[in-house]
file entry.csv (CSV, C-alpha atoms)
chain,number,residue,atom,x,y,z
A,222,MET,CA,29.7,1.9,-37.3
A,223,ILE,CA,28.9,5.3,-35.7
A,224,TRP,CA,25.2,4.8,-36.2
A,225,LEU,CA,25.4,1.3,-34.8
A,226,LEU,CA,27.2,2.5,-31.7
A,227,ALA,CA,24.6,5.2,-31.2
A,228,LEU,CA,21.8,2.6,-31.6
A,229,GLN,CA,23.4,0.4,-29.0
A,230,LEU,CA,23.8,3.3,-26.5
A,231,ALA,CA,20.1,4.2,-27.0
A,232,VAL,CA,18.8,0.7,-26.6
A,233,GLY,CA,21.1,-0.2,-23.7
A,234,PRO,CA,19.5,1.9,-20.9
A,235,ALA,CA,16.0,0.8,-22.0
A,236,GLN,CA,17.0,-2.8,-21.8
A,237,HIS,CA,18.5,-2.4,-18.3
A,238,PHE,CA,15.4,-0.5,-17.2
A,239,GLU,CA,13.1,-3.2,-18.5
A,240,LYS,CA,15.0,-5.9,-16.7
A,241,ALA,CA,15.0,-3.7,-13.5
A,242,GLU,CA,11.2,-3.5,-13.7
A,243,GLN,CA,10.8,-7.2,-14.2
A,244,ASN,CA,13.1,-7.9,-11.2
A,245,PHE,CA,11.2,-5.4,-9.1
A,246,ALA,CA,7.9,-7.0,-10.0
A,247,GLN,CA,9.3,-10.4,-8.9
A,248,LYS,CA,10.7,-8.9,-5.7
A,249,LYS,CA,14.3,-9.5,-6.8
A,250,PHE,CA,15.4,-6.2,-5.3
A,251,SER,CA,19.2,-6.6,-5.4
A,252,GLU,CA,19.0,-7.5,-9.1
A,253,ALA,CA,16.6,-4.6,-9.8
A,254,VAL,CA,19.1,-2.2,-8.1
A,255,SER,CA,21.9,-3.4,-10.3
A,256,GLU,CA,19.9,-3.1,-13.5
A,257,VAL,CA,18.5,0.3,-12.7
A,258,ASN,CA,21.9,1.6,-11.7
A,259,ALA,CA,23.2,0.4,-15.1
A,260,ALA,CA,20.4,2.2,-16.9
A,261,LEU,CA,21.1,5.4,-15.0
A,262,HIS,CA,24.8,5.1,-15.6
A,263,GLU,CA,24.1,5.2,-19.4
A,264,SER,CA,21.3,7.6,-19.2
A,265,PRO,CA,21.4,9.7,-16.0
A,266,ASP,CA,18.2,11.7,-16.9
A,267,MET,CA,16.0,8.7,-17.5
A,268,VAL,CA,13.0,9.7,-15.4
A,269,PRO,CA,11.3,6.3,-15.1
A,270,ALA,CA,14.6,4.8,-13.9
A,271,LEU,CA,15.0,7.5,-11.4
A,272,VAL,CA,11.5,6.8,-10.0
A,273,LEU,CA,12.2,3.1,-9.9
A,274,LYS,CA,15.5,3.7,-8.0
A,275,ALA,CA,13.6,5.9,-5.6
A,276,ARG,CA,11.0,3.1,-5.0
A,277,LEU,CA,13.8,0.6,-4.4
A,278,ALA,CA,15.5,3.0,-2.0
A,279,MET,CA,12.2,3.3,0.0
A,280,PHE,CA,12.1,-0.4,0.4
A,281,ALA,CA,15.7,-0.4,1.5
A,282,HIS,CA,14.9,2.4,4.1
A,283,ARG,CA,17.2,4.9,2.3
A,284,PRO,CA,15.0,8.0,2.3
A,285,ASP,CA,18.0,10.2,1.3
A,286,VAL,CA,18.5,8.3,-1.9
A,287,ALA,CA,14.7,8.1,-2.6
A,288,LYS,CA,14.2,11.9,-2.1
A,289,SER,CA,17.2,12.8,-4.2
A,290,CYS,CA,16.1,10.6,-7.1
A,291,LEU,CA,12.5,11.9,-7.1
A,292,ILE,CA,13.6,15.6,-6.9
A,293,THR,CA,16.0,15.0,-9.9
A,294,ALA,CA,13.2,13.3,-11.8
A,295,ILE,CA,10.8,16.1,-11.3
A,296,THR,CA,13.4,18.7,-12.1
A,297,ASP,CA,14.1,16.8,-15.4
A,298,ASP,CA,10.4,16.4,-16.2
A,299,PRO,CA,7.8,18.3,-14.0
A,300,THR,CA,5.0,16.7,-16.1
A,301,SER,CA,5.9,13.2,-14.9
A,302,GLU,CA,2.8,12.0,-13.0
A,303,GLU,CA,4.7,9.0,-11.7
A,304,ALA,CA,7.5,11.1,-10.3
A,305,GLN,CA,5.1,13.6,-8.7
A,306,PHE,CA,3.0,10.8,-7.2
A,307,PHE,CA,5.9,9.0,-5.7
A,308,LEU,CA,7.3,12.2,-4.2
A,309,GLY,CA,4.0,12.7,-2.5
A,310,VAL,CA,4.0,9.1,-1.3
A,311,PHE,CA,7.6,9.5,-0.1
A,312,TYR,CA,6.6,12.6,2.0
A,313,TYR,CA,3.5,10.8,3.3
A,314,THR,CA,5.5,7.8,4.5
A,315,GLN,CA,7.9,10.2,6.2
A,316,ASN,CA,4.9,11.8,8.0
A,317,ASP,CA,5.6,15.1,6.2
A,318,PHE,CA,2.0,15.5,5.3
A,319,LYS,CA,2.0,19.2,4.3
A,320,LEU,CA,4.9,18.6,1.9
A,321,ALA,CA,3.1,15.5,0.5
A,322,THR,CA,0.0,17.6,-0.6
A,323,SER,CA,1.5,19.6,-3.4
A,324,PRO,CA,3.1,16.7,-5.5
A,325,LEU,CA,0.0,14.6,-4.9
A,326,GLN,CA,-2.3,17.4,-6.2
A,327,THR,CA,0.0,17.8,-9.2
A,328,ALA,CA,-0.2,14.1,-9.9
A,329,GLN,CA,-4.0,14.3,-9.6
A,330,THR,CA,-4.0,17.1,-12.1
A,331,LEU,CA,-1.7,15.3,-14.5
A,332,SER,CA,-3.7,12.0,-14.3
A,333,PRO,CA,-7.3,13.0,-13.2
A,334,LYS,CA,-8.7,9.4,-13.8
A,335,SER,CA,-6.1,7.7,-11.6
A,336,PRO,CA,-7.4,6.8,-8.1
A,337,LEU,CA,-4.0,6.6,-6.4
A,338,PRO,CA,-3.2,10.3,-6.1
A,339,VAL,CA,-6.7,10.9,-4.8
A,340,PHE,CA,-6.4,8.0,-2.4
A,341,TYR,CA,-3.1,9.3,-0.9
A,342,LEU,CA,-4.5,12.8,-0.7
A,343,ALA,CA,-7.4,11.4,1.3
A,344,MET,CA,-5.0,9.6,3.7
A,345,THR,CA,-2.8,12.8,3.9
A,346,HIS,CA,-5.8,15.0,4.8
A,347,GLU,CA,-7.0,12.4,7.3
A,348,ALA,CA,-3.5,12.4,8.9
A,349,MET,CA,-3.7,16.2,9.1
A,350,GLY,CA,-7.1,16.1,10.9
A,351,ASP,CA,-9.1,17.5,7.9
A,352,ALA,CA,-12.0,15.0,8.1
A,353,THR,CA,-14.3,16.9,5.7
A,354,GLN,CA,-11.7,17.0,2.9
A,355,ALA,CA,-10.6,13.4,3.6
A,356,LEU,CA,-14.1,12.1,3.4
A,357,ASP,CA,-14.7,13.8,0.0
A,358,LEU,CA,-11.4,12.4,-1.3
A,359,TYR,CA,-12.1,8.9,-0.2
A,360,ARG,CA,-15.4,9.0,-2.0
A,361,LYS,CA,-13.6,10.2,-5.2
A,362,ALA,CA,-11.0,7.5,-4.9
A,363,GLU,CA,-13.7,4.8,-4.5
A,364,ASP,CA,-15.5,6.2,-7.6
A,365,LEU,CA,-12.3,6.2,-9.6
A,366,SER,CA,-11.6,2.6,-8.7
A,367,PRO,CA,-14.8,0.6,-9.4
A,368,GLU,CA,-13.2,-2.5,-10.8
A,369,LYS,CA,-12.5,-5.7,-8.9
A,370,SER,CA,-8.8,-5.5,-7.9
A,371,PRO,CA,-6.5,-5.6,-4.9
A,372,GLN,CA,-6.0,-1.8,-5.4
A,373,SER,CA,-9.7,-1.1,-5.2
A,374,ALA,CA,-9.9,-3.3,-2.1
A,375,SER,CA,-7.1,-1.4,-0.4
A,376,ILE,CA,-8.9,1.9,-1.0
A,377,LEU,CA,-12.1,0.5,0.5
A,378,VAL,CA,-10.3,-0.9,3.6
A,379,ALA,CA,-8.7,2.5,4.3
A,380,TYR,CA,-12.0,4.2,3.7
A,381,GLY,CA,-13.7,1.8,6.1
A,382,ARG,CA,-11.1,2.5,8.8
A,383,PHE,CA,-11.7,6.2,8.4
A,384,LEU,CA,-15.4,5.9,8.7
A,385,LEU,CA,-15.0,3.8,11.8
A,386,SER,CA,-12.8,6.5,13.3
A,387,LEU,CA,-15.8,8.9,12.7
A,388,GLY,CA,-18.1,6.6,14.6
A,389,ARG,CA,-19.9,5.4,11.4
A,390,ILE,CA,-19.6,1.7,12.3
A,391,GLN,CA,-22.1,0.3,9.8
A,392,ASP,CA,-20.8,2.4,7.0
A,393,GLY,CA,-17.3,1.2,7.7
A,394,MET,CA,-18.3,-2.4,7.8
A,395,GLU,CA,-20.1,-2.0,4.5
A,396,LYS,CA,-16.8,-0.8,3.0
A,397,TYR,CA,-15.0,-3.9,4.3
A,398,ARG,CA,-17.6,-6.2,2.8
A,399,ARG,CA,-17.3,-4.3,-0.5
A,400,ALA,CA,-13.6,-4.6,-0.3
A,401,ILE,CA,-13.9,-8.4,0.0
A,402,GLU,CA,-16.2,-8.4,-3.0
A,403,ARG,CA,-13.5,-6.6,-5.0
A,404,ASP,CA,-10.7,-8.8,-3.7
A,405,PRO,CA,-11.8,-12.0,-1.8
A,406,GLU,CA,-8.1,-12.5,-0.9
A,407,SER,CA,-7.7,-9.2,0.9
A,408,ARG,CA,-6.3,-10.2,4.3
A,409,ASP,CA,-6.7,-6.6,5.6
A,410,ALA,CA,-10.4,-6.5,4.7
A,411,HIS,CA,-11.2,-9.9,6.4
A,412,TYR,CA,-9.2,-8.8,9.5
A,413,GLU,CA,-10.9,-5.4,9.8
A,414,LEU,CA,-14.3,-7.0,9.3
A,415,ALA,CA,-13.5,-9.6,12.0
A,416,LYS,CA,-12.6,-6.8,14.5
A,417,ASP,CA,-15.8,-4.9,13.9
A,418,LEU,CA,-17.9,-8.1,14.1
A,419,ASP,CA,-16.2,-8.6,17.5
A,420,GLN,CA,-17.2,-5.1,18.6
A,421,GLU,CA,-20.8,-5.9,17.4
A,422,GLY,CA,-20.8,-9.1,19.6
A,423,ASP,CA,-21.0,-11.4,16.6
A,424,PHE,CA,-18.1,-13.6,17.8
A,425,ASN,CA,-18.8,-16.6,15.7
A,426,ASN,CA,-18.7,-14.8,12.4
A,427,ALA,CA,-15.8,-12.7,13.6
A,428,ALA,CA,-13.8,-15.9,14.3
A,429,LEU,CA,-14.7,-17.2,10.8
A,430,GLU,CA,-13.4,-14.0,9.2
A,431,GLY,CA,-10.2,-14.1,11.4
A,432,GLU,CA,-9.5,-17.7,10.5
A,433,LEU,CA,-10.0,-16.9,6.8
A,434,ALA,CA,-7.7,-13.9,7.1
A,435,LEU,CA,-5.0,-16.1,8.5
A,436,THR,CA,-5.0,-18.2,5.3
A,437,LEU,CA,-4.4,-15.3,3.0
A,438,PRO,CA,-1.1,-13.7,1.9
A,439,GLU,CA,0.5,-11.5,4.5
A,440,LEU,CA,0.8,-7.9,3.3
A,441,GLY,CA,-0.3,-5.3,5.8
A,442,THR,CA,-1.9,-7.3,8.7
A,443,SER,CA,0.5,-9.6,10.4
A,444,ASP,CA,-0.1,-13.2,11.6
A,445,ALA,CA,0.5,-12.0,15.2
A,446,GLN,CA,-2.3,-9.5,14.9
A,447,ILE,CA,-4.7,-12.1,13.7
A,448,HIS,CA,-3.7,-14.7,16.3
A,449,PHE,CA,-4.2,-12.1,19.1
A,450,LEU,CA,-7.7,-11.3,17.8
A,451,LEU,CA,-8.6,-15.0,17.5
A,452,ALA,CA,-7.3,-15.7,21.0
A,453,LYS,CA,-9.7,-13.1,22.3
A,454,LEU,CA,-12.6,-14.3,20.2
A,455,TYR,CA,-12.2,-17.9,21.2
A,456,GLY,CA,-12.0,-16.8,24.8
A,457,LYS,CA,-15.3,-15.1,24.5
A,458,LEU,CA,-16.7,-18.2,22.8
A,459,LYS,CA,-15.6,-20.3,25.7
A,460,GLN,CA,-13.3,-22.4,23.4
A,461,SER,CA,-10.3,-22.4,25.7
A,462,ASP,CA,-8.2,-24.8,23.7
A,463,LEU,CA,-8.4,-22.7,20.6
A,464,ALA,CA,-7.9,-19.5,22.6
A,465,LYS,CA,-4.7,-21.0,24.2
A,466,ALA,CA,-3.4,-22.2,20.8
A,467,HIS,CA,-3.8,-18.8,19.1
A,468,LEU,CA,-2.3,-17.0,22.1
A,469,GLU,CA,0.8,-19.2,21.9
A,470,LYS,CA,1.1,-18.6,18.2
A,471,PHE,CA,0.7,-14.9,18.8
A,472,LYS,CA,3.6,-14.9,21.3
A,473,ALA,CA,5.7,-17.0,18.9
A,474,ALA,CA,4.9,-14.7,15.9
A,475,SER,CA,5.7,-11.6,18.0
A,476,GLN,CA,9.1,-12.9,19.0
A,477,THR,CA,9.9,-13.7,15.4
A,478,THR,CA,9.0,-10.1,14.4
A,479,ARG,CA,11.1,-8.6,17.2
A,480,ARG,CA,14.1,-10.7,16.0

call {"tool": "encode", "arguments": {"input": "entry.csv", "output": "C-alpha cells"}}
result
Amino acid sequence: MIWLLALQLAVGPAQHFEKAEQNFAQKKFSEAVSEVNAALHESPDMVPALVLKARLAMFAHRPDVAKSCLITAITDDPTSEEAQFFLGVFYYTQNDFKLATSPLQTAQTLSPKSPLPVFYLAMTHEAMGDATQALDLYRKAEDLSPEKSPQSASILVAYGRFLLSLGRIQDGMEKYRRAIERDPESRDAHYELAKDLDQEGDFNNAALEGELALTLPELGTSDAQIHFLLAKLYGKLKQSDLAKAHLEKFKAASQTTRR
C-alpha cells in the first residue's frame, strides 16, 4: 500500500501538468491555471509547472506572479533553458532590457541551436540602441530557423522591420517576402509588405497584400491597422467607395478595441 501511495503521488503532478499544457495549447487558460496549481500543490519544485504558471500569469497581466515563479524555477534548476529563456522574455516585455540580457544569454548557452533566445537577444539589443549587435543576432536567429514555420516567419518579420529602421528598404522587403514563403498565413508579413509597397508607390500590389492580410488569423496586426492602411491605399487609387468602406470599418474596429 505504501509503494502504491508513493506511485500515485509521483504520477499525480505529472498528470496535472500534462493537462495544464493541453489546456494552455487550446487557449483554455482558466482550466490550465487550475491544473498547474494542482501540480504545484503536489510538487512545489516542479520547474516546468512553475514556468507554465509564469507564462499564464503573463497572459493574465500578473507580472508579480510571473517573476516569482521564474525566479523560483531558476533557483531550483539554474540549468533549465526554458526557465532562463522565459525570465529573459519576461524582462523584455517589461522593458527591463538590461535585466533581460543575462538570462537570454544563459538560455542561448544552454540551447545553442535554438533560435528563440538569439531572436529575443536581437530584439533586446535593438531596443537598447545597439544596432551592430542586433544585426548580428538577427542574422544568427534567421540561420538557426531555416524551416518553414510561423516561428521562422516571425523572426523574419522582426528582422525586416529592423532593416527598414536602418533605411535598408529593399533588404527589409526581401525579409517580408521570405517570411511569406516560410508561412503564407503570416498576417504580419503581408501587412508589413503592404506598407512598404505603399511607400514604394506600388499601390495596387500594396492593396492586394493588405486585403490578403485581412483574411488571415489576427495575432499581432489588428483589423483596425489593416483597414486604416487600405483606406489610405484606395484613396490613392481613386477608389473612393472602397476607401470609405475601410475607413468606416477602421473606426468601428478602433471603437471595439477601446471598449

call {"tool": "residues_around", "arguments": {"input": "entry.csv", "residues": "Gln305 of chain A", "least_positions_apart": "2", "cutoff": "7 Å", "atoms": "all atoms listed in the file", "output": "NGL selection string"}}
result
:A and (295 or 301-303 or 307-309 or 324-325 or 327-328)

call {"tool": "closest_residue", "arguments": {"input": "entry.csv", "among": "A:Ala362, A:Met267, A:Tyr412, A:Glu421", "to": "Gln391 of chain A", "atoms": "all atoms listed in the file"}}
result
A:Glu421

call {"tool": "residues_around", "arguments": {"input": "entry.csv", "residues": "Leu429 of chain A", "least_positions_apart": "5", "cutoff": "9 Å", "atoms": "all atoms listed in the file", "output": "PyMOL selection string"}}
result
chain A and resi 415+424+434

call {"tool": "write_last_selection", "arguments": {"input": "entry.csv", "atoms": "C-alpha atoms", "output": "mmCIF file, keeping the file's coordinate frame"}}
result
data_model
loop_
_atom_site.group_PDB
_atom_site.id
_atom_site.type_symbol
_atom_site.label_atom_id
_atom_site.label_comp_id
_atom_site.auth_asym_id
_atom_site.auth_seq_id
_atom_site.Cartn_x
_atom_site.Cartn_y
_atom_site.Cartn_z
ATOM 1 C CA ALA A 415 -13.500 -9.600 12.000
ATOM 2 C CA PHE A 424 -18.100 -13.600 17.800
ATOM 3 C CA ALA A 434 -7.700 -13.900 7.100
#

call {"tool": "closest_residue", "arguments": {"input": "entry.csv", "among": "A:Asp409, A:Leu273, A:Asp298, A:Val286", "to": "Pro438 of chain A", "atoms": "only C-alpha atoms"}}
result
A:Asp409

call {"tool": "atom_distance", "arguments": {"input": "entry.csv", "atom1": "atom CA of His467 of chain A", "atom2": "atom CA of Ala452 of chain A"}}
result
5.0 Å

call {"tool": "closest_residue", "arguments": {"input": "entry.csv", "among": "A:Ile401, A:Ala294, A:Leu468, A:Leu358", "to": "Ala445 of chain A", "atoms": "only C-alpha atoms"}}
result
A:Leu468

call {"tool": "closest_residue", "arguments": {"input": "entry.csv", "among": "A:Tyr380, A:Asp423, A:Asp364, A:Leu320", "to": "Leu454 of chain A", "atoms": "all atoms listed in the file"}}
result
A:Asp423

call {"tool": "atom_distance", "arguments": {"input": "entry.csv", "atom1": "atom CA of Thr314 of chain A", "atom2": "atom CA of Glu439 of chain A"}}
result
19.9 Å

call {"tool": "atom_distance", "arguments": {"input": "entry.csv", "atom1": "atom CA of Pro405 of chain A", "atom2": "atom CA of Gly388 of chain A"}}
result
25.6 Å

call {"tool": "residues_around", "arguments": {"input": "entry.csv", "residues": "Lys465 of chain A", "least_positions_apart": "5", "cutoff": "10 Å", "atoms": "all atoms listed in the file", "output": "list in words"}}
result
Leu451, Ala452, Lys453, Tyr455, Gly456, Gln460, Lys470 and Phe471 of chain A

call {"tool": "closest_residue", "arguments": {"input": "entry.csv", "among": "A:Ser443, A:Gln315, A:Thr322, A:Gln329", "to": "Thr300 of chain A", "atoms": "all atoms listed in the file"}}
result
A:Gln329

call {"tool": "closest_residue", "arguments": {"input": "entry.csv", "among": "A:Phe311, A:Val378, A:Met394, A:Gly431", "to": "His282 of chain A", "atoms": "only C-alpha atoms"}}
result
A:Phe311

call {"tool": "residues_around", "arguments": {"input": "entry.csv", "residues": "Arg382 of chain A", "least_positions_apart": "3", "cutoff": "12 Å", "atoms": "only C-alpha atoms", "output": "NGL selection string"}}
result
:A and (344 or 347 or 356 or 359 or 375-379 or 385-397 or 400 or 409-410 or 412-414 or 416-417)

call {"tool": "residues_around", "arguments": {"input": "entry.csv", "residues": "Lys288 of chain A", "least_positions_apart": "4", "cutoff": "7 Å", "atoms": "all atoms listed in the file", "output": "ChimeraX atom specification"}}
result
/A:275,284,292

call {"tool": "residues_near_point", "arguments": {"input": "entry.csv", "point": "(11.8, 0.5, -3.6)", "cutoff": "12 Å", "atoms": "all atoms listed in the file", "output": "MDAnalysis selection string"}}
result
chainID A and resid 241:242 244:246 248:251 253:254 257 270:284 286:288 290:291 307 310:311

call {"tool": "residues_near_point", "arguments": {"input": "entry.csv", "point": "(-2.8, -16.8, 11.9)", "cutoff": "6 Å", "atoms": "all atoms listed in the file", "output": "ChimeraX atom specification"}}
result
/A:435,444,447-448

call {"tool": "build_atoms", "arguments": {"input": "entry.csv", "residues": "segment 406-427 of chain A", "atoms": "N, CA, C and O atoms", "output": "short mmCIF file (atom, residue, chain, number, x, y, z; two decimals), in the coordinates of the input"}}
result
data_model
loop_
_atom_site.label_atom_id
_atom_site.label_comp_id
_atom_site.auth_asym_id
_atom_site.auth_seq_id
_atom_site.Cartn_x
_atom_site.Cartn_y
_atom_site.Cartn_z
N GLU A 406 -9.33 -12.14 -1.55
CA GLU A 406 -8.10 -12.50 -0.90
C GLU A 406 -7.45 -11.34 -0.12
O GLU A 406 -6.25 -11.38 0.21
N SER A 407 -8.24 -10.33 0.17
CA SER A 407 -7.70 -9.20 0.90
C SER A 407 -7.68 -9.54 2.42
O SER A 407 -8.69 -9.56 3.10
N ARG A 408 -6.49 -9.86 2.90
CA ARG A 408 -6.30 -10.20 4.30
C ARG A 408 -6.77 -9.03 5.20
O ARG A 408 -7.45 -9.23 6.23
N ASP A 409 -6.39 -7.81 4.82
CA ASP A 409 -6.70 -6.60 5.60
C ASP A 409 -8.24 -6.49 5.77
O ASP A 409 -8.74 -6.17 6.85
N ALA A 410 -8.98 -6.71 4.67
CA ALA A 410 -10.40 -6.50 4.70
C ALA A 410 -11.08 -7.55 5.64
O ALA A 410 -11.95 -7.22 6.45
N HIS A 411 -10.67 -8.82 5.53
CA HIS A 411 -11.20 -9.90 6.40
C HIS A 411 -10.89 -9.58 7.87
O HIS A 411 -11.72 -9.77 8.76
N TYR A 412 -9.67 -9.13 8.11
CA TYR A 412 -9.20 -8.80 9.50
C TYR A 412 -10.04 -7.68 10.08
O TYR A 412 -10.52 -7.75 11.22
N GLU A 413 -10.17 -6.61 9.31
CA GLU A 413 -10.90 -5.40 9.80
C GLU A 413 -12.37 -5.78 10.05
O GLU A 413 -12.97 -5.35 11.04
N LEU A 414 -12.95 -6.57 9.16
CA LEU A 414 -14.30 -7.00 9.30
C LEU A 414 -14.46 -7.86 10.60
O LEU A 414 -15.43 -7.72 11.37
N ALA A 415 -13.49 -8.72 10.83
CA ALA A 415 -13.50 -9.60 12.00
C ALA A 415 -13.48 -8.71 13.29
O ALA A 415 -14.21 -8.97 14.25
N LYS A 416 -12.64 -7.67 13.30
CA LYS A 416 -12.60 -6.80 14.50
C LYS A 416 -13.89 -6.10 14.74
O LYS A 416 -14.33 -5.99 15.90
N ASP A 417 -14.55 -5.66 13.68
CA ASP A 417 -15.80 -4.90 13.90
C ASP A 417 -16.95 -5.88 14.25
O ASP A 417 -17.83 -5.52 15.03
N LEU A 418 -16.93 -7.10 13.72
CA LEU A 418 -17.90 -8.10 14.10
C LEU A 418 -17.74 -8.42 15.62
O LEU A 418 -18.73 -8.65 16.34
N ASP A 419 -16.50 -8.44 16.06
CA ASP A 419 -16.20 -8.60 17.50
C ASP A 419 -16.85 -7.52 18.31
O ASP A 419 -17.51 -7.77 19.33
N GLN A 420 -16.66 -6.28 17.86
CA GLN A 420 -17.20 -5.10 18.60
C GLN A 420 -18.78 -5.20 18.58
O GLN A 420 -19.43 -4.76 19.53
N GLU A 421 -19.35 -5.78 17.52
CA GLU A 421 -20.80 -5.90 17.40
C GLU A 421 -21.33 -7.09 18.24
O GLU A 421 -22.53 -7.27 18.37
N GLY A 422 -20.42 -7.91 18.77
CA GLY A 422 -20.80 -9.10 19.60
C GLY A 422 -21.10 -10.31 18.75
O GLY A 422 -21.57 -11.32 19.28
N ASP A 423 -20.77 -10.28 17.46
CA ASP A 423 -21.00 -11.40 16.60
C ASP A 423 -19.68 -12.24 16.56
O ASP A 423 -18.94 -12.26 15.57
N PHE A 424 -19.41 -12.96 17.66
CA PHE A 424 -18.10 -13.60 17.80
C PHE A 424 -17.88 -14.76 16.88
O PHE A 424 -16.76 -14.98 16.44
N ASN A 425 -18.93 -15.50 16.57
CA ASN A 425 -18.80 -16.60 15.70
C ASN A 425 -18.33 -16.21 14.28
O ASN A 425 -17.37 -16.74 13.73
N ASN A 426 -19.04 -15.24 13.71
CA ASN A 426 -18.70 -14.80 12.40
C ASN A 426 -17.33 -14.03 12.40
O ASN A 426 -16.58 -14.07 11.42
N ALA A 427 -17.05 -13.35 13.51
CA ALA A 427 -15.80 -12.70 13.60
C ALA A 427 -14.63 -13.71 13.59
O ALA A 427 -13.60 -13.51 12.94
#
